Amino acid sequence: MAPSTRSSCSKSSQNSTGKGLDKEIEAPAKMQGYKITDNERTRKYGIGANSLDMLVQKALLKFPLPDLHVYLATDGFEVSDEEYFNSLPAQTLFIVAGPDAVITTDADFEFEKMRQQSPLLKVADIFYDFVEQHPDKFRRMITEYEHQKQRRALDNTKAHLSLKAEHGEWFEGSEERFQSKEEAMAMRAQTRVRGYYYKTKEELTRNQLYRQNAKARQVINSVLEQFRYLLIGCDYFSMMFNRKCQPKHEMLLQHINEEEPDAAGVPNKRLRQLIKDYTTRHAILDEWSVSLCTELGDFYCQGAYSDNGNSCSLQHTINPYASRENLILFQVWNLDHQIELCRTILPALVANVQELVTQPQRKCALHNKRVVDISVLEYFLEIFSLKNLKLVHIVCHDKVQRSNRSNGRLLCPDCHEYRIVQELMDVETPDITS
């Protein structure tokens with residue numbers, strides 16, 4: 001895949017965000033172990049670093065490229081600044097390559113390896129060579145393939161196994177640092193949601209309004225900070241892919257009844273726990289903090305956007321807990337924004353911010369009082385939660401422009417949503433230390 005960049009706003013804008021976190025943000029990061037390799041995976045090294053600059057300097061000693069850039073092996077995104085680098089866990093695998101390299105992600109690399117070893121995985125060739133030219137034929141072939149694979153998995157399944165000691169081959173590659181499948185899948189869900197946060201931050205902070213209007217910049221920085229608090233409160237929706245989490249998504253009921261008998265600079269550890277406790281106690285995000293899989297780990301496609309429902313006409317299903325092969329195939333299942341992120345949600349958010357700073361006398365539509373903020377919680381749910389996200393197989397991911405609109409609006413102090421978020425942002429105790 002062609003590399004994209006995950007970056008963050010300037011240091012000055014970082015200093016304008018956060019509440020009482022200056023000491024923690026300025027503290028030097030601890031040394032962590034990481035892995036680096038080249039795009040062809042010819043060599044792999046373990047190195048220690050406490051900053052992106054240190055990692056780049058050490059990588060140059062192993063791979064002396066004239067213009068070395070660092071990319072995530074999981075999805076090919078370029079890591080370009082310290083804030084995003086510091087949000088990544090230890091043992092993250094980076095690819096080092098030039099600025100114009102076409103990055104071979106872990107999924108691409110594993111697909112090619114398995115394609116060479118198994119005729120069943122000729123589906124990879126079908127995907128790359130024929131999906132655009134023959135979409136109907138591709139749908140039929142991949143659906144038939146997955147049904148056959150699912151039947152084989154049910155005949156001799158390891159899906160119920162959980163621990164690394166029980167199913168070692170499942171934990172090869174990037175999962176080797178985890179001790180259970182549930183822990184690994186929870187991290188995969190968090191990684192996808194973190195990606196939405198950094199995409200949102202990048203789009204908002206490069207917007208002309210953010211760069212040219214100081215008041216708008218202050219509002220957007222505050223929105224991003226509130227997003228972080230809400231994400232901490234729901235643990236970055238880690239439960240989406242975790243089969244042990246309860247409750248389950250309502251769309252699973254029909255399948256269960258049919259088939260089964262039954263970041264960045266962040267607040268310190270204590271403050272993060274207080275945020276989680278407050279969010280849980282007030283049930284702010286409970287409705288959308290649900291698992292998308294059965295207790296065995298079966299995921300069901302929720303259907304294309306054009307299907308207008310929670311069922312897939314092609315009956316796509318997968319259990320990434322069953323095998324390493326399934327886990328890799330799960331990477332082509334997407335979380336699809338029903339209201340589009342970049343075309344609809346973020347432009348609507350920016351428009352509301354502009355209205356807030358340029359028309360300060362504007363009245364709230366519900367209470368007829370002066371507006372003071374945008375509907376942060378509504379935008380948060382549209383960007384990050386299952387209120388607006390559907391899990392779909394890649395052939396059910398309709399990449400067409402859509403007509404639905406964001407529900408975000410302007411709020412006054414009497415709006416319930418405004419009070420909830422403000423109370424969350426005030427969750428802090430005077431004796432908290434870094």
# chains A, B, ... in the order shown; residues from 1 in each chain; ligands from 1

$ residues_around --residues "Leu327 (chain A)" --least-positions-apart "6" --cutoff "12 Å" --atoms "only C-alpha atoms" --output "list in words"
Asp106, Ala107, Glu110, Phe111, Ala159, Glu169, Trp170, Phe171, Glu172, Gly173, Ser174, Glu175, Lys181, Ala184, Met185, Arg188, Phe241, Gly297, Asp298, Phe299, Ile318, Asn319, Pro320, Tyr321 and Trp333 of chain A

$ residues_around --residues "Lys158 (chain A)" --least-positions-apart "5" --cutoff "8 Å" --atoms "only C-alpha atoms" --output "PyMOL selection string"
chain A and resi 153+167+321-323

$ closest_residue --among "A:Ile328, A:Leu366, A:Ile47, A:Leu224" --to "Thr74 (chain A)" --atoms "only C-alpha atoms"
A:Ile328

$ select_by_dssp --residues "region 167-372 of chain A" --states "strand (DSSP E)" --output "MDAnalysis selection string"
chainID A and resid 299:300 317:318 334:337

$ write_last_selection --atoms "N, CA, C and O atoms" --output "PDB file, in the first residue's frame"
ATOM      1  N   PHE A 299     -17.745 -13.514  13.990  1.00  0.00           N
ATOM      2  CA  PHE A 299     -18.161 -12.187  13.546  1.00  0.00           C
ATOM      3  C   PHE A 299     -19.036 -12.339  12.307  1.00  0.00           C
ATOM      4  O   PHE A 299     -18.765 -13.180  11.444  1.00  0.00           O
ATOM      5  N   TYR A 300     -20.063 -11.496  12.198  1.00  0.00           N
ATOM      6  CA  TYR A 300     -20.972 -11.536  11.059  1.00  0.00           C
ATOM      7  C   TYR A 300     -20.980 -10.179  10.380  1.00  0.00           C
ATOM      8  O   TYR A 300     -21.097  -9.140  11.039  1.00  0.00           O
ATOM      9  N   THR A 317     -19.154 -14.369   7.121  1.00  0.00           N
ATOM     10  CA  THR A 317     -18.851 -14.606   8.532  1.00  0.00           C
ATOM     11  C   THR A 317     -17.402 -15.041   8.658  1.00  0.00           C
ATOM     12  O   THR A 317     -16.818 -15.593   7.711  1.00  0.00           O
ATOM     13  N   ILE A 318     -16.801 -14.791   9.828  1.00  0.00           N
ATOM     14  CA  ILE A 318     -15.411 -15.172  10.059  1.00  0.00           C
ATOM     15  C   ILE A 318     -15.183 -15.310  11.551  1.00  0.00           C
ATOM     16  O   ILE A 318     -15.837 -14.629  12.356  1.00  0.00           O
ATOM     17  N   ASN A 334     -13.750  -4.314   7.384  1.00  0.00           N
ATOM     18  CA  ASN A 334     -13.634  -2.889   7.693  1.00  0.00           C
ATOM     19  C   ASN A 334     -14.736  -2.425   8.640  1.00  0.00           C
ATOM     20  O   ASN A 334     -15.845  -2.954   8.633  1.00  0.00           O
ATOM     21  N   LEU A 335     -14.408  -1.400   9.421  1.00  0.00           N
ATOM     22  CA  LEU A 335     -15.425  -0.662  10.173  1.00  0.00           C
ATOM     23  C   LEU A 335     -15.844   0.518   9.297  1.00  0.00           C
ATOM     24  O   LEU A 335     -15.062   1.433   9.051  1.00  0.00           O
ATOM     25  N   ASP A 336     -17.065   0.460   8.809  1.00  0.00           N
ATOM     26  CA  ASP A 336     -17.560   1.406   7.805  1.00  0.00           C
ATOM     27  C   ASP A 336     -18.372   2.516   8.464  1.00  0.00           C
ATOM     28  O   ASP A 336     -19.377   2.250   9.129  1.00  0.00           O
ATOM     29  N   HIS A 337     -17.916   3.767   8.317  1.00  0.00           N
ATOM     30  CA  HIS A 337     -18.688   4.915   8.809  1.00  0.00           C
ATOM     31  C   HIS A 337     -19.935   5.088   7.940  1.00  0.00           C
ATOM     32  O   HIS A 337     -19.819   5.401   6.753  1.00  0.00           O
TER      33      HIS A 337
END

$ residues_around --residues "Gln190 (chain A)" --least-positions-apart "2" --cutoff "9 Å" --atoms "only C-alpha atoms" --output "count of residues only"
14

$ atom_distance --atom1 "CA of Cys396 (chain A)" --atom2 "CA of Ala304 (chain A)"
4.5 Å

$ residues_around --residues "Ser375 (chain A)" --least-positions-apart "5" --cutoff "6 Å" --atoms "only C-alpha atoms" --output "PyMOL selection string"
chain A and resi 408-410

$ atom_distance --atom1 "CA of Asp75 (chain A)" --atom2 "CA of Phe380 (chain A)"
23.5 Å

$ select_by_dssp --residues "region 197-401 of chain A" --states "helix (DSSP H, G or I)" --output "PyMOL selection string"
chain A and resi 197-205+208-212+214-233+235-241+252-259+269-281+286-288+305-307+324-332+341-358+376-384+394-396

$ residues_around --residues "Ser313 (chain A)" --least-positions-apart "3" --cutoff "12 Å" --atoms "only C-alpha atoms" --output "MDAnalysis selection string"
chainID A and resid 139:140 143 300:310 316:317 392:393 395:396

$ write_last_selection --atoms "C-alpha atoms" --output "short mmCIF file (atom, residue, chain, number, x, y, z; two decimals), in the first residue's frame"
data_model
loop_
_atom_site.label_atom_id
_atom_site.label_comp_id
_atom_site.auth_asym_id
_atom_site.auth_seq_id
_atom_site.Cartn_x
_atom_site.Cartn_y
_atom_site.Cartn_z
CA ARG A 139 -18.13 -12.05 -4.62
CA ARG A 140 -19.26 -15.54 -5.61
CA THR A 143 -18.12 -16.33 -0.53
CA TYR A 300 -20.97 -11.54 11.06
CA CYS A 301 -20.91 -8.94 8.30
CA GLN A 302 -23.51 -6.23 8.95
CA GLY A 303 -24.10 -5.70 5.26
CA ALA A 304 -23.40 -3.00 2.73
CA TYR A 305 -24.52 0.58 3.28
CA SER A 306 -27.05 0.10 0.48
CA ASP A 307 -28.56 -2.89 2.34
CA ASN A 308 -29.93 -0.46 4.96
CA GLY A 309 -29.85 -2.94 7.81
CA ASN A 310 -27.70 -5.15 10.03
CA HIS A 316 -20.19 -13.26 5.24
CA THR A 317 -18.85 -14.61 8.53
CA VAL A 392 -18.39 -5.27 6.97
CA HIS A 393 -16.53 -7.67 4.69
CA VAL A 395 -16.84 -6.67 -0.75
CA CYS A 396 -19.70 -5.13 1.26
#

$ atom_distance --atom1 "CA of Asn39 (chain A)" --atom2 "CA of Tyr197 (chain A)"
26.6 Å

$ closest_atom_pairs --of "region 193-242 of chain A" --to "region 281-288 of chain A" --cutoff "9 Å" --atoms "only C-alpha atoms" --output "JSON lines"
{"residue": "A:Leu230", "atom": "CA", "partner": "A:Leu285", "partner_atom": "CA", "distance": 8.6}
{"residue": "A:Gly233", "atom": "CA", "partner": "A:Leu285", "partner_atom": "CA", "distance": 8.4}
{"residue": "A:Cys234", "atom": "CA", "partner": "A:Leu285", "partner_atom": "CA", "distance": 7.0}
{"residue": "A:Phe237", "atom": "CA", "partner": "A:Trp288", "partner_atom": "CA", "distance": 8.5}

$ write_last_selection --atoms "all heavy atoms" --output "PDB file, in the first residue's frame"
ATOM      1  N   LEU A 230     -13.084  10.894  26.513  1.00  0.00           N
ATOM      2  CA  LEU A 230     -14.144   9.925  26.228  1.00  0.00           C
ATOM      3  C   LEU A 230     -13.558   8.599  25.760  1.00  0.00           C
ATOM      4  O   LEU A 230     -14.060   7.519  26.127  1.00  0.00           O
ATOM      5  CB  LEU A 230     -15.099  10.494  25.176  1.00  0.00           C
ATOM      6  CG  LEU A 230     -16.002  11.638  25.661  1.00  0.00           C
ATOM      7  CD1 LEU A 230     -16.615  12.380  24.482  1.00  0.00           C
ATOM      8  CD2 LEU A 230     -17.106  11.103  26.582  1.00  0.00           C
ATOM      9  N   GLY A 233     -12.329   6.807  28.670  1.00  0.00           N
ATOM     10  CA  GLY A 233     -13.469   6.308  29.443  1.00  0.00           C
ATOM     11  C   GLY A 233     -14.012   4.997  28.919  1.00  0.00           C
ATOM     12  O   GLY A 233     -14.491   4.153  29.692  1.00  0.00           O
ATOM     13  N   CYS A 234     -13.959   4.784  27.603  1.00  0.00           N
ATOM     14  CA  CYS A 234     -14.483   3.535  27.014  1.00  0.00           C
ATOM     15  C   CYS A 234     -13.358   2.594  26.618  1.00  0.00           C
ATOM     16  O   CYS A 234     -13.603   1.609  25.904  1.00  0.00           O
ATOM     17  CB  CYS A 234     -15.371   3.842  25.810  1.00  0.00           C
ATOM     18  SG  CYS A 234     -14.482   4.575  24.420  1.00  0.00           S
ATOM     19  N   PHE A 237     -12.872   1.574  23.007  1.00  0.00           N
ATOM     20  CA  PHE A 237     -13.812   0.563  22.497  1.00  0.00           C
ATOM     21  C   PHE A 237     -13.106  -0.773  22.250  1.00  0.00           C
ATOM     22  O   PHE A 237     -13.352  -1.450  21.250  1.00  0.00           O
ATOM     23  CB  PHE A 237     -14.506   1.063  21.222  1.00  0.00           C
ATOM     24  CG  PHE A 237     -15.489   2.166  21.489  1.00  0.00           C
ATOM     25  CD1 PHE A 237     -15.215   3.468  21.087  1.00  0.00           C
ATOM     26  CD2 PHE A 237     -16.677   1.921  22.152  1.00  0.00           C
ATOM     27  CE1 PHE A 237     -16.113   4.496  21.344  1.00  0.00           C
ATOM     28  CE2 PHE A 237     -17.584   2.943  22.417  1.00  0.00           C
ATOM     29  CZ  PHE A 237     -17.303   4.232  22.010  1.00  0.00           C
TER      30      PHE A 237
END

$ residues_around --residues "Asn50 (chain A)" --least-positions-apart "3" --cutoff "8 Å" --atoms "only C-alpha atoms" --output "list in words"
Pro28, Ala29, Lys30, Met31, Gln32, Met54 and Leu55 of chain A

$ residues_around --residues "region 355-358 of chain A" --least-positions-apart "6" --cutoff "8 Å" --atoms "only C-alpha atoms" --output "PyMOL selection string"
chain A and resi 215-216+371-374+410

$ write_last_selection --atoms "C-alpha atoms" --output "PDB file, in the first residue's frame"
ATOM      1  CA  LYS A 215     -10.700  31.201  18.874  1.00  0.00           C
ATOM      2  CA  ALA A 216     -11.505  28.342  16.502  1.00  0.00           C
ATOM      3  CA  VAL A 371     -24.560  28.649  22.671  1.00  0.00           C
ATOM      4  CA  VAL A 372     -21.216  27.891  24.302  1.00  0.00           C
ATOM      5  CA  ASP A 373     -19.952  24.706  22.636  1.00  0.00           C
ATOM      6  CA  ILE A 374     -20.499  22.124  19.922  1.00  0.00           C
ATOM      7  CA  LEU A 410     -24.443  23.830  18.890  1.00  0.00           C
TER       8      LEU A 410
END

$ decode --residues "region 371-415 of chain A" --atoms "N, CA and C atoms" --output "mmCIF file, in the first residue's frame"
data_model
loop_
_atom_site.group_PDB
_atom_site.id
_atom_site.type_symbol
_atom_site.label_atom_id
_atom_site.label_comp_id
_atom_site.auth_asym_id
_atom_site.auth_seq_id
_atom_site.Cartn_x
_atom_site.Cartn_y
_atom_site.Cartn_z
ATOM 1 N N VAL A 371 -25.344 29.872 22.822
ATOM 2 C CA VAL A 371 -24.560 28.649 22.671
ATOM 3 C C VAL A 371 -23.140 28.861 23.190
ATOM 4 N N VAL A 372 -22.557 27.794 23.732
ATOM 5 C CA VAL A 372 -21.216 27.891 24.302
ATOM 6 C C VAL A 372 -20.275 26.796 23.786
ATOM 7 N N ASP A 373 -20.802 25.810 23.089
ATOM 8 C CA ASP A 373 -19.952 24.706 22.636
ATOM 9 C C ASP A 373 -20.654 23.947 21.517
ATOM 10 N N ILE A 374 -19.903 23.030 20.907
ATOM 11 C CA ILE A 374 -20.499 22.124 19.922
ATOM 12 C C ILE A 374 -20.852 20.807 20.616
ATOM 13 N N SER A 375 -21.630 19.987 19.962
ATOM 14 C CA SER A 375 -22.077 18.724 20.574
ATOM 15 C C SER A 375 -20.956 17.678 20.467
ATOM 16 N N VAL A 376 -20.007 17.780 21.374
ATOM 17 C CA VAL A 376 -18.823 16.921 21.354
ATOM 18 C C VAL A 376 -19.201 15.444 21.432
ATOM 19 N N LEU A 377 -20.149 15.117 22.303
ATOM 20 C CA LEU A 377 -20.509 13.710 22.495
ATOM 21 C C LEU A 377 -21.118 13.114 21.225
ATOM 22 N N GLU A 378 -21.961 13.870 20.546
ATOM 23 C CA GLU A 378 -22.570 13.369 19.314
ATOM 24 C C GLU A 378 -21.507 13.146 18.237
ATOM 25 N N TYR A 379 -20.607 14.093 18.091
ATOM 26 C CA TYR A 379 -19.531 13.915 17.118
ATOM 27 C C TYR A 379 -18.643 12.727 17.501
ATOM 28 N N PHE A 380 -18.384 12.584 18.797
ATOM 29 C CA PHE A 380 -17.586 11.448 19.272
ATOM 30 C C PHE A 380 -18.235 10.124 18.872
ATOM 31 N N LEU A 381 -19.534 9.989 19.098
ATOM 32 C CA LEU A 381 -20.235 8.745 18.766
ATOM 33 C C LEU A 381 -20.221 8.487 17.263
ATOM 34 N N GLU A 382 -20.326 9.519 16.466
ATOM 35 C CA GLU A 382 -20.316 9.346 15.009
ATOM 36 C C GLU A 382 -18.939 8.944 14.485
ATOM 37 N N ILE A 383 -17.881 9.418 15.126
ATOM 38 C CA ILE A 383 -16.524 9.126 14.652
ATOM 39 C C ILE A 383 -16.020 7.780 15.158
ATOM 40 N N PHE A 384 -16.297 7.458 16.428
ATOM 41 C CA PHE A 384 -15.611 6.343 17.075
ATOM 42 C C PHE A 384 -16.484 5.142 17.440
ATOM 43 N N SER A 385 -17.786 5.285 17.501
ATOM 44 C CA SER A 385 -18.596 4.236 18.119
ATOM 45 C C SER A 385 -19.455 3.468 17.119
ATOM 46 N N LEU A 386 -20.023 2.366 17.610
ATOM 47 C CA LEU A 386 -20.893 1.528 16.794
ATOM 48 C C LEU A 386 -22.244 2.173 16.517
ATOM 49 N N LYS A 387 -22.472 3.354 17.041
ATOM 50 C CA LYS A 387 -23.667 4.093 16.640
ATOM 51 C C LYS A 387 -23.607 4.417 15.151
ATOM 52 N N ASN A 388 -22.386 4.615 14.640
ATOM 53 C CA ASN A 388 -22.223 4.982 13.234
ATOM 54 C C ASN A 388 -21.310 4.020 12.473
ATOM 55 N N LEU A 389 -20.675 3.072 13.166
ATOM 56 C CA LEU A 389 -19.766 2.124 12.532
ATOM 57 C C LEU A 389 -20.440 0.774 12.350
ATOM 58 N N LYS A 390 -20.250 0.170 11.178
ATOM 59 C CA LYS A 390 -20.709 -1.187 10.912
ATOM 60 C C LYS A 390 -19.516 -2.023 10.473
ATOM 61 N N LEU A 391 -19.430 -3.239 11.008
ATOM 62 C CA LEU A 391 -18.369 -4.151 10.603
ATOM 63 C C LEU A 391 -18.796 -4.861 9.323
ATOM 64 N N VAL A 392 -17.996 -4.708 8.266
ATOM 65 C CA VAL A 392 -18.386 -5.271 6.969
ATOM 66 C C VAL A 392 -17.205 -5.973 6.312
ATOM 67 N N HIS A 393 -17.516 -7.027 5.564
ATOM 68 C CA HIS A 393 -16.531 -7.674 4.692
ATOM 69 C C HIS A 393 -16.155 -6.671 3.601
ATOM 70 N N ILE A 394 -14.957 -6.788 3.061
ATOM 71 C CA ILE A 394 -14.472 -5.797 2.107
ATOM 72 C C ILE A 394 -15.369 -5.673 0.874
ATOM 73 N N VAL A 395 -15.999 -6.765 0.439
ATOM 74 C CA VAL A 395 -16.844 -6.666 -0.750
ATOM 75 C C VAL A 395 -18.174 -5.987 -0.434
ATOM 76 N N CYS A 396 -18.478 -5.830 0.855
ATOM 77 C CA CYS A 396 -19.704 -5.126 1.258
ATOM 78 C C CYS A 396 -19.429 -3.683 1.682
ATOM 79 N N HIS A 397 -18.186 -3.227 1.468
ATOM 80 C CA HIS A 397 -17.838 -1.860 1.847
ATOM 81 C C HIS A 397 -18.106 -0.941 0.660
ATOM 82 N N ASP A 398 -19.267 -0.310 0.642
ATOM 83 C CA ASP A 398 -19.656 0.594 -0.445
ATOM 84 C C ASP A 398 -18.886 1.908 -0.327
ATOM 85 N N LYS A 399 -17.957 2.141 -1.223
ATOM 86 C CA LYS A 399 -17.173 3.372 -1.190
ATOM 87 C C LYS A 399 -17.772 4.379 -2.158
ATOM 88 N N VAL A 400 -18.991 4.794 -1.841
ATOM 89 C CA VAL A 400 -19.691 5.780 -2.656
ATOM 90 C C VAL A 400 -20.112 6.937 -1.760
ATOM 91 N N GLN A 401 -20.268 8.104 -2.349
ATOM 92 C CA GLN A 401 -20.698 9.265 -1.583
ATOM 93 C C GLN A 401 -22.129 9.066 -1.113
ATOM 94 N N ARG A 402 -22.381 9.445 0.141
ATOM 95 C CA ARG A 402 -23.676 9.187 0.760
ATOM 96 C C ARG A 402 -24.374 10.485 1.104
ATOM 97 N N SER A 403 -25.688 10.397 1.236
ATOM 98 C CA SER A 403 -26.483 11.606 1.422
ATOM 99 C C SER A 403 -26.804 11.909 2.880
ATOM 100 N N ASN A 404 -26.548 10.959 3.806
ATOM 101 C CA ASN A 404 -26.926 11.206 5.203
ATOM 102 C C ASN A 404 -26.023 12.257 5.844
ATOM 103 N N ARG A 405 -26.566 12.937 6.847
ATOM 104 C CA ARG A 405 -25.891 14.071 7.464
ATOM 105 C C ARG A 405 -25.511 13.789 8.904
ATOM 106 N N SER A 406 -24.550 14.568 9.386
ATOM 107 C CA SER A 406 -24.169 14.495 10.796
ATOM 108 C C SER A 406 -25.270 15.101 11.661
ATOM 109 N N ASN A 407 -25.405 14.588 12.891
ATOM 110 C CA ASN A 407 -26.394 15.106 13.839
ATOM 111 C C ASN A 407 -25.788 16.097 14.823
ATOM 112 N N GLY A 408 -24.531 16.478 14.605
ATOM 113 C CA GLY A 408 -23.894 17.441 15.490
ATOM 114 C C GLY A 408 -24.550 18.811 15.416
ATOM 115 N N ARG A 409 -24.515 19.529 16.553
ATOM 116 C CA ARG A 409 -25.148 20.860 16.605
ATOM 117 C C ARG A 409 -24.443 21.717 17.659
ATOM 118 N N LEU A 410 -24.961 22.927 17.871
ATOM 119 C CA LEU A 410 -24.443 23.830 18.890
ATOM 120 C C LEU A 410 -25.228 23.656 20.183
ATOM 121 N N LEU A 411 -24.543 23.787 21.341
ATOM 122 C CA LEU A 411 -25.151 23.533 22.647
ATOM 123 C C LEU A 411 -25.051 24.753 23.549
ATOM 124 N N CYS A 412 -26.006 24.848 24.455
ATOM 125 C CA CYS A 412 -25.968 25.862 25.510
ATOM 126 C C CYS A 412 -25.704 25.171 26.852
ATOM 127 N N PRO A 413 -25.454 25.904 27.927
ATOM 128 C CA PRO A 413 -25.161 25.271 29.226
ATOM 129 C C PRO A 413 -26.292 24.398 29.764
ATOM 130 N N ASP A 414 -27.525 24.593 29.299
ATOM 131 C CA ASP A 414 -28.641 23.784 29.790
ATOM 132 C C ASP A 414 -28.779 22.446 29.062
ATOM 133 N N CYS A 415 -28.034 22.251 27.990
ATOM 134 C CA CYS A 415 -28.115 20.999 27.245
ATOM 135 C C CYS A 415 -27.476 19.870 28.059
#
